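Chemist: Coordinates in upload.csv, CSV, C-alpha atoms and all ligand atoms, are listed below.
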chain,number,residue,atom,x,y,z
A,580,MET,CA,0.0,0.0,0.0
A,581,THR,CA,1.2,3.5,-0.8
A,582,ILE,CA,0.3,6.4,1.4
A,583,VAL,CA,0.0,9.7,-0.5
A,584,ASN,CA,-0.3,13.1,1.2
A,585,SER,CA,-0.5,15.3,-1.9
A,586,ILE,CA,-2.6,15.5,-5.0
A,587,GLU,CA,0.6,15.2,-7.2
A,588,GLU,CA,1.5,11.9,-5.5
A,589,LEU,CA,-2.1,10.7,-5.9
A,590,PHE,CA,-2.0,11.4,-9.6
A,591,ALA,CA,1.4,9.7,-10.0
A,592,GLN,CA,-0.1,6.6,-8.4
A,593,THR,CA,-3.4,6.5,-10.3
A,594,ALA,CA,-1.5,7.1,-13.6
A,595,GLN,CA,0.0,3.7,-13.2
A,596,PHE,CA,-3.4,2.0,-12.7
A,597,ASN,CA,-4.6,0.0,-15.7
A,598,GLY,CA,-8.1,-1.1,-14.7
A,599,SER,CA,-11.1,-0.3,-12.6
A,600,ILE,CA,-10.9,1.7,-9.4
A,601,GLY,CA,-13.0,1.1,-6.3
A,602,PHE,CA,-13.0,4.2,-4.1
A,603,VAL,CA,-14.0,4.5,-0.4
A,604,PRO,CA,-14.1,8.0,0.9
A,605,THR,CA,-13.9,8.3,4.7
A,606,MET,CA,-13.1,10.6,7.6
A,607,GLY,CA,-11.0,8.0,9.3
A,608,ALA,CA,-11.5,6.3,12.7
A,609,LEU,CA,-12.1,3.3,10.6
A,610,HIS,CA,-14.3,0.5,12.0
A,611,GLU,CA,-15.9,-2.7,10.7
A,612,GLY,CA,-18.5,-0.6,8.7
A,613,HIS,CA,-15.8,1.1,6.7
A,614,LEU,CA,-14.0,-2.3,6.3
A,615,SER,CA,-17.1,-3.8,4.7
A,616,LEU,CA,-17.0,-1.0,2.1
A,617,ILE,CA,-13.3,-1.6,1.5
A,618,ARG,CA,-13.9,-5.4,1.2
A,619,GLN,CA,-16.6,-4.8,-1.4
A,620,ALA,CA,-14.4,-2.4,-3.3
A,621,ARG,CA,-11.5,-4.9,-3.2
A,622,LYS,CA,-13.8,-7.7,-4.5
A,623,ASN,CA,-15.1,-5.8,-7.5
A,624,ASN,CA,-12.2,-3.7,-8.7
A,625,ASP,CA,-8.6,-4.0,-9.9
A,626,PHE,CA,-7.4,-1.1,-7.7
A,627,VAL,CA,-8.7,0.2,-4.4
A,628,VAL,CA,-8.2,3.8,-3.1
A,629,VAL,CA,-9.3,5.0,0.3
A,630,SER,CA,-9.3,8.6,1.4
A,631,ILE,CA,-9.1,9.9,4.9
A,632,PHE,CA,-10.0,13.5,5.3
A,633,VAL,CA,-11.9,15.1,8.1
A,634,ASN,CA,-13.7,17.6,5.9
A,635,PRO,CA,-14.1,21.0,7.8
A,636,THR,CA,-16.9,22.3,5.5
A,637,GLN,CA,-19.4,19.7,6.6
A,638,PHE,CA,-19.1,20.5,10.3
A,639,LEU,CA,-21.2,23.2,11.7
A,640,GLU,CA,-20.0,25.8,14.2
A,641,GLY,CA,-19.9,24.1,17.6
A,642,GLU,CA,-19.8,20.5,16.2
A,643,ASP,CA,-17.1,18.0,17.0
A,644,LEU,CA,-14.6,19.0,14.2
A,645,ASP,CA,-11.6,19.4,16.6
A,646,ALA,CA,-12.6,16.5,18.8
A,647,TYR,CA,-13.5,14.2,15.8
A,648,PRO,CA,-11.6,10.9,16.5
A,649,ARG,CA,-8.3,10.8,14.6
A,650,LYS,CA,-6.4,7.5,14.4
A,651,GLU,CA,-4.2,7.8,11.4
A,652,GLU,CA,-1.7,5.0,12.3
A,653,ALA,CA,-4.3,2.4,13.2
A,654,ASP,CA,-6.3,3.4,10.1
A,655,ALA,CA,-3.3,3.0,7.8
A,656,LYS,CA,-2.7,-0.5,9.3
A,657,ILE,CA,-6.4,-1.5,8.8
A,658,CYS,CA,-6.2,-0.3,5.1
A,659,GLU,CA,-3.0,-2.1,4.5
A,660,LEU,CA,-4.4,-5.4,5.9
A,661,ALA,CA,-7.6,-5.0,3.9
A,662,GLY,CA,-5.5,-4.8,0.6
A,663,VAL,CA,-5.9,-1.1,-0.2
A,664,ASP,CA,-3.6,0.0,-2.9
A,665,VAL,CA,-3.5,3.7,-2.2
A,666,LEU,CA,-4.4,5.6,0.9
A,667,PHE,CA,-4.9,9.3,0.2
A,668,MET,CA,-4.6,11.7,3.2
A,669,PRO,CA,-4.8,15.2,2.0
A,670,ASN,CA,-4.9,18.3,4.2
A,671,THR,CA,-7.3,21.2,4.1
A,672,LYS,CA,-5.0,23.6,2.4
A,673,MET,CA,-4.6,21.4,-0.7
A,674,MET,CA,-8.3,20.6,-0.8
A,675,TYR,CA,-9.7,24.2,-0.5
A,676,GLU,CA,-9.0,27.7,-1.6
A,677,ALA,CA,-10.1,30.7,0.6
A,678,ASP,CA,-12.8,31.7,-1.8
A,679,GLU,CA,-14.5,28.9,-3.8
A,680,LEU,CA,-17.7,28.3,-5.6
A,681,SER,CA,-19.9,26.1,-3.6
A,682,ILE,CA,-22.6,23.4,-4.1
A,683,THR,CA,-26.0,23.7,-2.4
A,684,ALA,CA,-28.0,20.6,-1.5
A,685,PRO,CA,-31.4,20.5,-3.3
A,686,ALA,CA,-34.3,22.2,-1.5
A,687,ILE,CA,-36.4,19.3,-0.5
A,688,ARG,CA,-34.0,16.4,0.1
A,689,GLY,CA,-31.3,18.6,1.5
A,690,PHE,CA,-33.3,20.5,4.1
A,691,ILE,CA,-35.4,17.9,5.8
A,692,LEU,CA,-34.3,15.5,8.6
A,693,GLU,CA,-30.5,15.8,8.9
A,694,GLY,CA,-30.6,19.0,6.9
A,695,THR,CA,-33.0,20.7,9.4
A,696,LYS,CA,-30.7,20.1,12.3
A,697,ARG,CA,-27.5,20.6,10.4
A,698,PRO,CA,-28.1,23.3,7.8
A,699,SER,CA,-25.1,23.5,5.4
A,700,HIS,CA,-23.8,20.1,6.4
A,701,PHE,CA,-24.9,18.5,3.2
A,702,ASP,CA,-23.5,21.4,1.1
A,703,GLY,CA,-20.0,20.8,2.6
A,704,MET,CA,-20.4,17.0,2.3
A,705,LEU,CA,-21.4,17.2,-1.4
A,706,GLN,CA,-18.6,19.7,-2.1
A,707,VAL,CA,-15.9,17.4,-0.8
A,708,VAL,CA,-17.3,14.3,-2.3
A,709,MET,CA,-17.4,16.0,-5.7
A,710,LYS,CA,-13.7,17.0,-5.3
A,711,LEU,CA,-12.7,13.5,-4.2
A,712,LEU,CA,-14.5,11.8,-7.0
A,713,ASN,CA,-12.8,14.2,-9.5
A,714,LEU,CA,-9.4,13.6,-8.0
A,715,ILE,CA,-9.5,9.8,-7.8
A,716,ALA,CA,-10.9,9.5,-11.4
A,717,TYR,CA,-8.5,12.1,-12.8
A,718,ASN,CA,-6.5,9.5,-14.8
A,719,LYS,CA,-9.6,8.0,-16.3
A,720,PRO,CA,-9.9,4.4,-15.0
A,721,THR,CA,-11.6,1.8,-17.1
A,722,ALA,CA,-14.4,1.8,-14.6
A,723,PHE,CA,-14.9,3.9,-11.5
A,724,ARG,CA,-17.0,2.8,-8.5
A,725,ALA,CA,-17.5,4.7,-5.2
A,726,TYR,CA,-18.8,2.9,-2.1
A,727,PHE,CA,-21.0,4.6,0.5
A,728,GLY,CA,-22.8,3.1,3.5
A,729,LYS,CA,-26.6,3.1,3.8
A,730,LYS,CA,-26.2,4.2,7.4
A,731,ASP,CA,-26.0,7.8,6.1
A,732,ALA,CA,-29.1,7.3,4.0
A,733,GLN,CA,-29.7,10.9,3.2
A,734,GLN,CA,-26.1,11.5,2.4
A,735,LEU,CA,-26.2,8.6,0.0
A,736,ALA,CA,-29.4,9.8,-1.7
A,737,LEU,CA,-27.9,13.3,-2.2
A,738,ILE,CA,-24.6,11.9,-3.6
A,739,MET,CA,-26.6,9.9,-6.1
A,740,GLN,CA,-28.6,13.0,-7.0
A,741,MET,CA,-25.3,15.0,-7.4
A,742,VAL,CA,-23.8,12.3,-9.6
A,743,LYS,CA,-27.0,12.4,-11.8
A,744,ASN,CA,-27.4,16.2,-11.9
A,745,TYR,CA,-23.7,16.8,-12.7
A,746,PHE,CA,-23.3,13.8,-15.0
A,747,ILE,CA,-20.3,12.5,-13.0
A,748,ASN,CA,-18.9,9.3,-14.5
A,749,VAL,CA,-19.0,7.0,-11.4
A,750,ASP,CA,-21.1,4.1,-10.2
A,751,VAL,CA,-22.3,4.8,-6.7
A,752,VAL,CA,-22.5,1.5,-4.8
A,753,PRO,CA,-24.7,1.5,-1.7
A,754,CYS,CA,-23.5,-0.8,1.1
A,755,ASP,CA,-25.5,-2.3,4.0
A,756,ILE,CA,-25.3,-1.1,7.6
A,757,VAL,CA,-22.9,-3.1,9.8
A,758,ARG,CA,-24.0,-3.6,13.4
A,759,ASP,CA,-22.4,-4.8,16.6
A,760,SER,CA,-23.7,-8.0,18.0
A,761,ASP,CA,-26.0,-6.0,20.3
A,762,GLY,CA,-27.6,-4.3,17.3
A,763,LEU,CA,-25.9,-0.8,17.6
A,764,ALA,CA,-25.1,0.5,14.1
A,765,LEU,CA,-21.3,1.1,13.9
A,766,SER,CA,-20.3,4.7,13.8
A,767,SER,CA,-17.0,6.5,14.5
A,768,ARG,CA,-18.9,8.5,17.1
A,769,ASN,CA,-19.8,5.4,19.2
A,770,VAL,CA,-16.5,5.9,21.0
A,771,TYR,CA,-18.0,8.9,22.8
A,772,LEU,CA,-20.6,6.7,24.5
A,773,SER,CA,-20.1,5.6,28.2
A,774,LYS,CA,-21.1,2.1,29.2
A,775,GLU,CA,-24.6,3.3,30.4
A,776,GLU,CA,-25.1,5.5,27.4
A,777,ARG,CA,-24.3,2.6,25.0
A,778,ILE,CA,-27.1,0.6,26.6
A,779,LYS,CA,-29.5,3.5,26.2
A,780,ALA,CA,-28.3,3.9,22.6
A,781,LEU,CA,-29.5,0.4,21.7
A,782,ALA,CA,-33.1,1.9,21.8
A,783,LEU,CA,-32.4,3.2,18.3
A,784,SER,CA,-31.9,-0.2,16.7
A,785,ARG,CA,-34.7,-1.7,18.9
A,786,SER,CA,-37.1,0.9,17.6
A,787,LEU,CA,-36.3,-0.1,14.1
A,788,LYS,CA,-36.8,-3.7,15.0
A,789,LYS,CA,-40.2,-2.8,16.5
A,790,ALA,CA,-41.1,-1.1,13.2
A,791,THR,CA,-40.2,-4.2,11.2
A,792,GLU,CA,-42.3,-6.4,13.5
A,793,LEU,CA,-45.3,-4.2,13.0
A,794,VAL,CA,-44.8,-4.2,9.2
A,795,MET,CA,-44.5,-8.0,9.3
A,796,GLN,CA,-47.8,-8.0,11.1
A,797,LYS,CA,-49.2,-5.9,8.1
A,798,GLU,CA,-49.4,-2.7,10.1
A,799,PHE,CA,-48.4,-0.2,7.4
A,800,LYS,CA,-49.8,3.1,8.9
A,801,VAL,CA,-46.9,5.5,9.5
A,802,GLU,CA,-48.5,7.2,12.4
A,803,VAL,CA,-49.0,3.9,14.2
A,804,ILE,CA,-45.5,2.7,13.5
A,805,LYS,CA,-44.0,6.1,14.7
A,806,GLU,CA,-45.9,6.0,17.9
A,807,ALA,CA,-44.7,2.5,18.7
A,808,MET,CA,-41.1,3.6,17.9
A,809,PHE,CA,-41.3,6.6,20.2
A,810,GLU,CA,-42.4,4.3,23.0
A,811,VAL,CA,-39.2,2.2,22.6
A,812,LEU,CA,-37.2,5.5,22.4
A,813,ASN,CA,-38.5,6.9,25.7
A,814,GLU,CA,-35.0,7.3,27.2
A,815,VAL,CA,-33.5,8.9,24.1
A,816,ASP,CA,-33.7,12.6,23.3
A,817,VAL,CA,-35.3,12.0,19.9
A,818,GLU,CA,-34.6,14.4,17.1
A,819,TYR,CA,-36.7,12.7,14.5
A,820,VAL,CA,-38.4,9.5,13.5
A,821,ALA,CA,-39.3,9.4,9.8
A,822,LEU,CA,-40.7,7.0,7.3
A,823,VAL,CA,-39.9,8.1,3.7
A,824,ASN,CA,-39.6,6.6,0.3
A,825,ARG,CA,-36.3,6.2,-1.5
A,826,GLN,CA,-36.7,9.8,-2.8
A,827,PHE,CA,-37.0,11.0,0.8
A,828,GLN,CA,-40.7,12.0,0.4
A,829,ALA,CA,-42.8,11.5,3.5
A,830,LEU,CA,-45.1,8.5,3.5
A,831,ASP,CA,-48.5,7.9,5.1
A,832,GLU,CA,-48.2,4.2,4.5
A,833,VAL,CA,-45.2,1.9,4.3
A,834,GLU,CA,-44.4,0.8,0.7
A,835,ILE,CA,-42.6,-2.5,0.8
A,836,GLY,CA,-39.4,-2.3,-1.2
A,837,ASN,CA,-39.4,1.5,-1.3
A,838,THR,CA,-39.3,2.7,2.4
A,839,ILE,CA,-36.6,3.9,4.6
A,840,ILE,CA,-37.3,4.2,8.3
A,841,LEU,CA,-35.0,6.7,10.0
A,842,VAL,CA,-34.3,7.7,13.5
A,843,ALA,CA,-31.9,10.3,15.0
A,844,GLY,CA,-31.4,11.1,18.7
A,845,VAL,CA,-29.0,12.3,21.3
A,846,VAL,CA,-27.7,10.0,24.0
A,847,GLY,CA,-25.7,11.9,26.6
A,848,THR,CA,-23.9,14.4,24.4
A,849,THR,CA,-23.6,12.0,21.4
A,850,ARG,CA,-25.8,12.4,18.4
A,851,LEU,CA,-26.7,9.1,16.7
A,852,ILE,CA,-28.6,8.1,13.6
A,853,ASP,CA,-29.8,4.7,12.4
A,854,ASN,CA,-32.1,3.5,9.7
A,855,LEU,CA,-33.7,0.5,8.0
A,856,TRP,CA,-34.6,-0.1,4.4
A,857,ILE,CA,-37.7,-2.2,3.8
A,901,LIG,O1,-19.6,9.7,5.4
A,901,LIG,C1,-18.5,10.3,5.6
A,901,LIG,O2,-17.6,9.8,6.3
A,901,LIG,C2,-18.3,11.6,5.0
A,901,LIG,O3,-19.4,12.4,5.0
A,901,LIG,C3,-17.6,11.6,3.6
A,901,LIG,C4,-18.6,10.9,2.6
A,901,LIG,C5,-16.3,10.8,3.6
A,901,LIG,C6,-17.4,13.0,3.1
A,901,LIG,O4,-16.5,13.7,3.9
Would you kindly transcribe this structure into C-alpha cells?
Ligand code: PAF
Modeler:
Amino acid sequence: MTIVNSIEELFAQTAQFNGSIGFVPTMGALHEGHLSLIRQARKNNDFVVVSIFVNPTQFLEGEDLDAYPRKEEADAKICELAGVDVLFMPNTKMMYEADELSITAPAIRGFILEGTKRPSHFDGMLQVVMKLLNLIAYNKPTAFRAYFGKKDAQQLALIMQMVKNYFINVDVVPCDIVRDSDGLALSSRNVYLSKEERIKALALSRSLKKATELVMQKEFKVEVIKEAMFEVLNEVDVEYVALVNRQFQALDEVEIGNTIILVAGVVGTTRLIDNLWI
C-alpha cells in the first residue's frame, strides 16, 4: 500500500493503474463498517483507493470537528491489511481555496431531517465528495465505483442525485449497515458513549426492529409505527423518527421495497442516527 499526502503523488499513483478503481471516501477512525465498504471495493475492482479527510466544510459551528476521532496510524494498518492500494490523506490547504464556488443541496431532500438540524452540512459534504471523485478518477480508470454506507441514507441519496445532476462518471454502490452483536449500528462517534449511554443507545436499533415487527404484522400506517417507535425510544432525546420513500418523500403508509425508516437522537452528548430499508 502506498500512502499519499499530496494531489501530485495521488495522480502519479493512479496514472499507473490500468483497470477499474474502487474508491472508499472516509473521515478516518475506521471500523468494521468502513471495512465492509473496503472489502466490497476490493472484491469488485482492480485497484482500491481509500481517502481519509476530516472535511471541515461539513461540520457546523460548535460541532465536533476538533474532537473528531483521529487514528491515522491504526487506520493505515487497517487499510494495508484490507488490501488497499493507495491511501490518500490530503490536508485542508490542498483541498480548498479561501474563496470557492460552492454546491448547495437541493431544497427538499437537502433541508429535511439531517438537513434541518445541520443546515449547510450537506453542502459541505457534497462539495468534498465532488472534489474527491474528480481527484480519484482524474486519470480515467476503465471503470470507477465509489462505495457509500446506507447508514448515512440521506447523504447517499444526495450523492446519487449530485452524480446524476452533474453527469459524474461514477457508479455509486450503496452498502449495507454493519451492526455490533447487540444491534448498535457502527459509527466512529460510538467511542464517545459511556457504558450506560451505550445501553441507552440500543433503543435506536430496537425501535427499528419494532417497526419491522409491525410491518411484518401488516401494520403499514406510518402514524401507528412512529408511535410504537417513540415508546421504545423513551430514554433517548429523539430528534426525528421518519418514514420516507427512496426519494425521501414522507409517506402515510409503508411501501414495501421503497421505504426507509430513519431515527436520530442524542444519548448523553452524542448524536446518533440509524435506519432500516424495507
Ligand atoms: O460519510 C463520511 O464519512 C463523509 O461524509 C464523507 C462521505 C467521507 C465525506 O466527507
Chemist: Using all atoms listed in the file, determine which residues lie at most 12 Å from stretch 652-667 of chain A, disregarding the query and same-chain residues fewer than 3 positions distant; provide the list as a ChimeraX atom specification.
Modeler: /A:580-593,595-596,600-611,613-622,624-632,648-649,670,674,711,714-715,767
Chemist: Create the file for the chosen residues now, containing C-alpha atoms and written as a PDB file, in the coordinates of the input.
Modeler:
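Written out: again-v6.pdb:
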ATOM      1  CA  MET A 580       0.000   0.000   0.000  1.00  0.00           C
ATOM      2  CA  THR A 581       1.200   3.500  -0.800  1.00  0.00           C
ATOM      3  CA  ILE A 582       0.300   6.400   1.400  1.00  0.00           C
ATOM      4  CA  VAL A 583       0.000   9.700  -0.500  1.00  0.00           C
ATOM      5  CA  ASN A 584      -0.300  13.100   1.200  1.00  0.00           C
ATOM      6  CA  SER A 585      -0.500  15.300  -1.900  1.00  0.00           C
ATOM      7  CA  ILE A 586      -2.600  15.500  -5.000  1.00  0.00           C
ATOM      8  CA  GLU A 587       0.600  15.200  -7.200  1.00  0.00           C
ATOM      9  CA  GLU A 588       1.500  11.900  -5.500  1.00  0.00           C
ATOM     10  CA  LEU A 589      -2.100  10.700  -5.900  1.00  0.00           C
ATOM     11  CA  PHE A 590      -2.000  11.400  -9.600  1.00  0.00           C
ATOM     12  CA  ALA A 591       1.400   9.700 -10.000  1.00  0.00           C
ATOM     13  CA  GLN A 592      -0.100   6.600  -8.400  1.00  0.00           C
ATOM     14  CA  THR A 593      -3.400   6.500 -10.300  1.00  0.00           C
ATOM     15  CA  GLN A 595       0.000   3.700 -13.200  1.00  0.00           C
ATOM     16  CA  PHE A 596      -3.400   2.000 -12.700  1.00  0.00           C
ATOM     17  CA  ILE A 600     -10.900   1.700  -9.400  1.00  0.00           C
ATOM     18  CA  GLY A 601     -13.000   1.100  -6.300  1.00  0.00           C
ATOM     19  CA  PHE A 602     -13.000   4.200  -4.100  1.00  0.00           C
ATOM     20  CA  VAL A 603     -14.000   4.500  -0.400  1.00  0.00           C
ATOM     21  CA  PRO A 604     -14.100   8.000   0.900  1.00  0.00           C
ATOM     22  CA  THR A 605     -13.900   8.300   4.700  1.00  0.00           C
ATOM     23  CA  MET A 606     -13.100  10.600   7.600  1.00  0.00           C
ATOM     24  CA  GLY A 607     -11.000   8.000   9.300  1.00  0.00           C
ATOM     25  CA  ALA A 608     -11.500   6.300  12.700  1.00  0.00           C
ATOM     26  CA  LEU A 609     -12.100   3.300  10.600  1.00  0.00           C
ATOM     27  CA  HIS A 610     -14.300   0.500  12.000  1.00  0.00           C
ATOM     28  CA  GLU A 611     -15.900  -2.700  10.700  1.00  0.00           C
ATOM     29  CA  HIS A 613     -15.800   1.100   6.700  1.00  0.00           C
ATOM     30  CA  LEU A 614     -14.000  -2.300   6.300  1.00  0.00           C
ATOM     31  CA  SER A 615     -17.100  -3.800   4.700  1.00  0.00           C
ATOM     32  CA  LEU A 616     -17.000  -1.000   2.100  1.00  0.00           C
ATOM     33  CA  ILE A 617     -13.300  -1.600   1.500  1.00  0.00           C
ATOM     34  CA  ARG A 618     -13.900  -5.400   1.200  1.00  0.00           C
ATOM     35  CA  GLN A 619     -16.600  -4.800  -1.400  1.00  0.00           C
ATOM     36  CA  ALA A 620     -14.400  -2.400  -3.300  1.00  0.00           C
ATOM     37  CA  ARG A 621     -11.500  -4.900  -3.200  1.00  0.00           C
ATOM     38  CA  LYS A 622     -13.800  -7.700  -4.500  1.00  0.00           C
ATOM     39  CA  ASN A 624     -12.200  -3.700  -8.700  1.00  0.00           C
ATOM     40  CA  ASP A 625      -8.600  -4.000  -9.900  1.00  0.00           C
ATOM     41  CA  PHE A 626      -7.400  -1.100  -7.700  1.00  0.00           C
ATOM     42  CA  VAL A 627      -8.700   0.200  -4.400  1.00  0.00           C
ATOM     43  CA  VAL A 628      -8.200   3.800  -3.100  1.00  0.00           C
ATOM     44  CA  VAL A 629      -9.300   5.000   0.300  1.00  0.00           C
ATOM     45  CA  SER A 630      -9.300   8.600   1.400  1.00  0.00           C
ATOM     46  CA  ILE A 631      -9.100   9.900   4.900  1.00  0.00           C
ATOM     47  CA  PHE A 632     -10.000  13.500   5.300  1.00  0.00           C
ATOM     48  CA  PRO A 648     -11.600  10.900  16.500  1.00  0.00           C
ATOM     49  CA  ARG A 649      -8.300  10.800  14.600  1.00  0.00           C
ATOM     50  CA  ASN A 670      -4.900  18.300   4.200  1.00  0.00           C
ATOM     51  CA  MET A 674      -8.300  20.600  -0.800  1.00  0.00           C
ATOM     52  CA  LEU A 711     -12.700  13.500  -4.200  1.00  0.00           C
ATOM     53  CA  LEU A 714      -9.400  13.600  -8.000  1.00  0.00           C
ATOM     54  CA  ILE A 715      -9.500   9.800  -7.800  1.00  0.00           C
ATOM     55  CA  SER A 767     -17.000   6.500  14.500  1.00  0.00           C
TER      56      SER A 767
END
Chemist: Skipping near chain neighbours, those fewer than 2 positions away, what residues fall within 10 Å of A:Val803 using all atoms listed in the file, listed as a list of chain:residue names?
Modeler: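 Those residues are A:Ala790, A:Leu793, A:Glu798, A:Phe799, A:Lys800, A:Val801, A:Lys805, A:Glu806, A:Ala807, A:Met808, A:Asp831, A:Glu832.
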Chemist: Would you mind exporting C-alpha atoms of the selected residues as an mmCIF file, in the frame of the given file?
Modeler:
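Result file result05.cif:
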data_model
loop_
_atom_site.group_PDB
_atom_site.id
_atom_site.type_symbol
_atom_site.label_atom_id
_atom_site.label_comp_id
_atom_site.auth_asym_id
_atom_site.auth_seq_id
_atom_site.Cartn_x
_atom_site.Cartn_y
_atom_site.Cartn_z
ATOM 1 C CA ALA A 790 -41.100 -1.100 13.200
ATOM 2 C CA LEU A 793 -45.300 -4.200 13.000
ATOM 3 C CA GLU A 798 -49.400 -2.700 10.100
ATOM 4 C CA PHE A 799 -48.400 -0.200 7.400
ATOM 5 C CA LYS A 800 -49.800 3.100 8.900
ATOM 6 C CA VAL A 801 -46.900 5.500 9.500
ATOM 7 C CA LYS A 805 -44.000 6.100 14.700
ATOM 8 C CA GLU A 806 -45.900 6.000 17.900
ATOM 9 C CA ALA A 807 -44.700 2.500 18.700
ATOM 10 C CA MET A 808 -41.100 3.600 17.900
ATOM 11 C CA ASP A 831 -48.500 7.900 5.100
ATOM 12 C CA GLU A 832 -48.200 4.200 4.500
#
Chemist: Looking at A:Leu692, A:Ile852, A:Val845, A:Val707, which one is nearest to A:Glu679, with distances taken over only C-alpha atoms?
Modeler: A:Val707
Chemist: When you look at A:Val757 with a cut-off of 7 Å (counting all atoms listed in the file), what residues show up, excluding the ones that are within fewer than 4 positions of it in the same chain? I need them as a list in words.
Modeler: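 Using all atoms listed in the file, the neighbours found are Gly612, Ala764 and Leu765 of chain A.
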Chemist: Counting only C-alpha atoms, what is within 9 Å of A:Gln734, bar same-chain residues fewer than 5 positions away, as a PyMOL selection string?
Modeler: chain A and resi 689+693+701+704-705+727+729+739
Chemist: Looking at A:Ile835, A:Leu841, A:Val811, A:Leu712, which one is nearest to A:Val823, with distances taken over only C-alpha atoms?
Modeler: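 Comparing A:Ile835, A:Leu841, A:Val811, A:Leu712 against A:Val823, the winner is A:Leu841.
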Chemist: Scan for residues within 9 Å of the point (-18.8, 14.7, -6.4) in the coordinates of the file, using all atoms listed in the file, and reply as a list in words.
Modeler: Leu705, Gln706, Val707, Val708, Met709, Lys710, Leu711, Leu712, Asn713, Ile738, Met741, Val742, Tyr745 and Ile747 of chain A
Chemist: Restricted to C-alpha atoms, what would the selected residues look like written as a compact mmCIF listing (two decimals), in the coordinates of the input?
Modeler:
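Final file, part_3.txt:
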# COMPACT_ATOMS: atom_id res chain seq x y z
CA LEU A 705 -21.40 17.20 -1.40
CA GLN A 706 -18.60 19.70 -2.10
CA VAL A 707 -15.90 17.40 -0.80
CA VAL A 708 -17.30 14.30 -2.30
CA MET A 709 -17.40 16.00 -5.70
CA LYS A 710 -13.70 17.00 -5.30
CA LEU A 711 -12.70 13.50 -4.20
CA LEU A 712 -14.50 11.80 -7.00
CA ASN A 713 -12.80 14.20 -9.50
CA ILE A 738 -24.60 11.90 -3.60
CA MET A 741 -25.30 15.00 -7.40
CA VAL A 742 -23.80 12.30 -9.60
CA TYR A 745 -23.70 16.80 -12.70
CA ILE A 747 -20.30 12.50 -13.00
Chemist: Would you list the residues near (-23.7, 5.6, 28.4), meaning any protein, DNA or RNA residue with an atom at most 12 Å from that point in file coordinates, counting only C-alpha atoms, as number ranges by chain?
Modeler: A: 769-781, 814-815, 845-849
Chemist: Hey, can you spit out that residue selection with C-alpha atoms as a compact mmCIF listing (two decimals), keeping the file's coordinate frame?
Modeler:
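Okay, again_23.txt is ready:
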# COMPACT_ATOMS: atom_id res chain seq x y z
CA ASN A 769 -19.80 5.40 19.20
CA VAL A 770 -16.50 5.90 21.00
CA TYR A 771 -18.00 8.90 22.80
CA LEU A 772 -20.60 6.70 24.50
CA SER A 773 -20.10 5.60 28.20
CA LYS A 774 -21.10 2.10 29.20
CA GLU A 775 -24.60 3.30 30.40
CA GLU A 776 -25.10 5.50 27.40
CA ARG A 777 -24.30 2.60 25.00
CA ILE A 778 -27.10 0.60 26.60
CA LYS A 779 -29.50 3.50 26.20
CA ALA A 780 -28.30 3.90 22.60
CA LEU A 781 -29.50 0.40 21.70
CA GLU A 814 -35.00 7.30 27.20
CA VAL A 815 -33.50 8.90 24.10
CA VAL A 845 -29.00 12.30 21.30
CA VAL A 846 -27.70 10.00 24.00
CA GLY A 847 -25.70 11.90 26.60
CA THR A 848 -23.90 14.40 24.40
CA THR A 849 -23.60 12.00 21.40
Chemist: What is the distance between atom C6 of ligand LIG 901 (chain A) and atom CA of A:Gln828, in Å to one decimal?
Modeler: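 The value is 23.5 Å.
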Chemist: Give the answer as one residue: which of A:Ser766, A:Thr721, A:Thr683, A:Asn597 has the shortest atom-to-atom distance to ligand LIG 901 (chain A), using all atoms listed in the file?
Modeler: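 Using all atoms listed in the file, the shortest distance to ligand LIG 901 (chain A) belongs to A:Ser766.
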Chemist: Of the residues A:Ala594, A:Phe827, A:Ser699, A:Lys650, which is the one nearest to A:Tyr717, using all atoms listed in the file?
Modeler: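 Result for the nearest residue to A:Tyr717: A:Ala594.
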Chemist: State, in Å with one decimal place, the distance from atom CA of A:Leu680 to atom CA of A:Asp702.
Modeler: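 Between atom CA of A:Leu680 and atom CA of A:Asp702 the gap is 11.2 Å.
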Chemist: How many Å lie between atom CA of A:Ser786 and atom CA of A:Lys730, rounded to one decimal?
Modeler: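 Computing it gives 15.3 Å between the two atoms.
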Chemist: Considering all atoms listed in the file, can you say which of A:Gly703, A:Pro720, A:Pro753, A:Gly844 comes closest to ligand LIG 901 (chain A)?
Modeler: A:Gly703
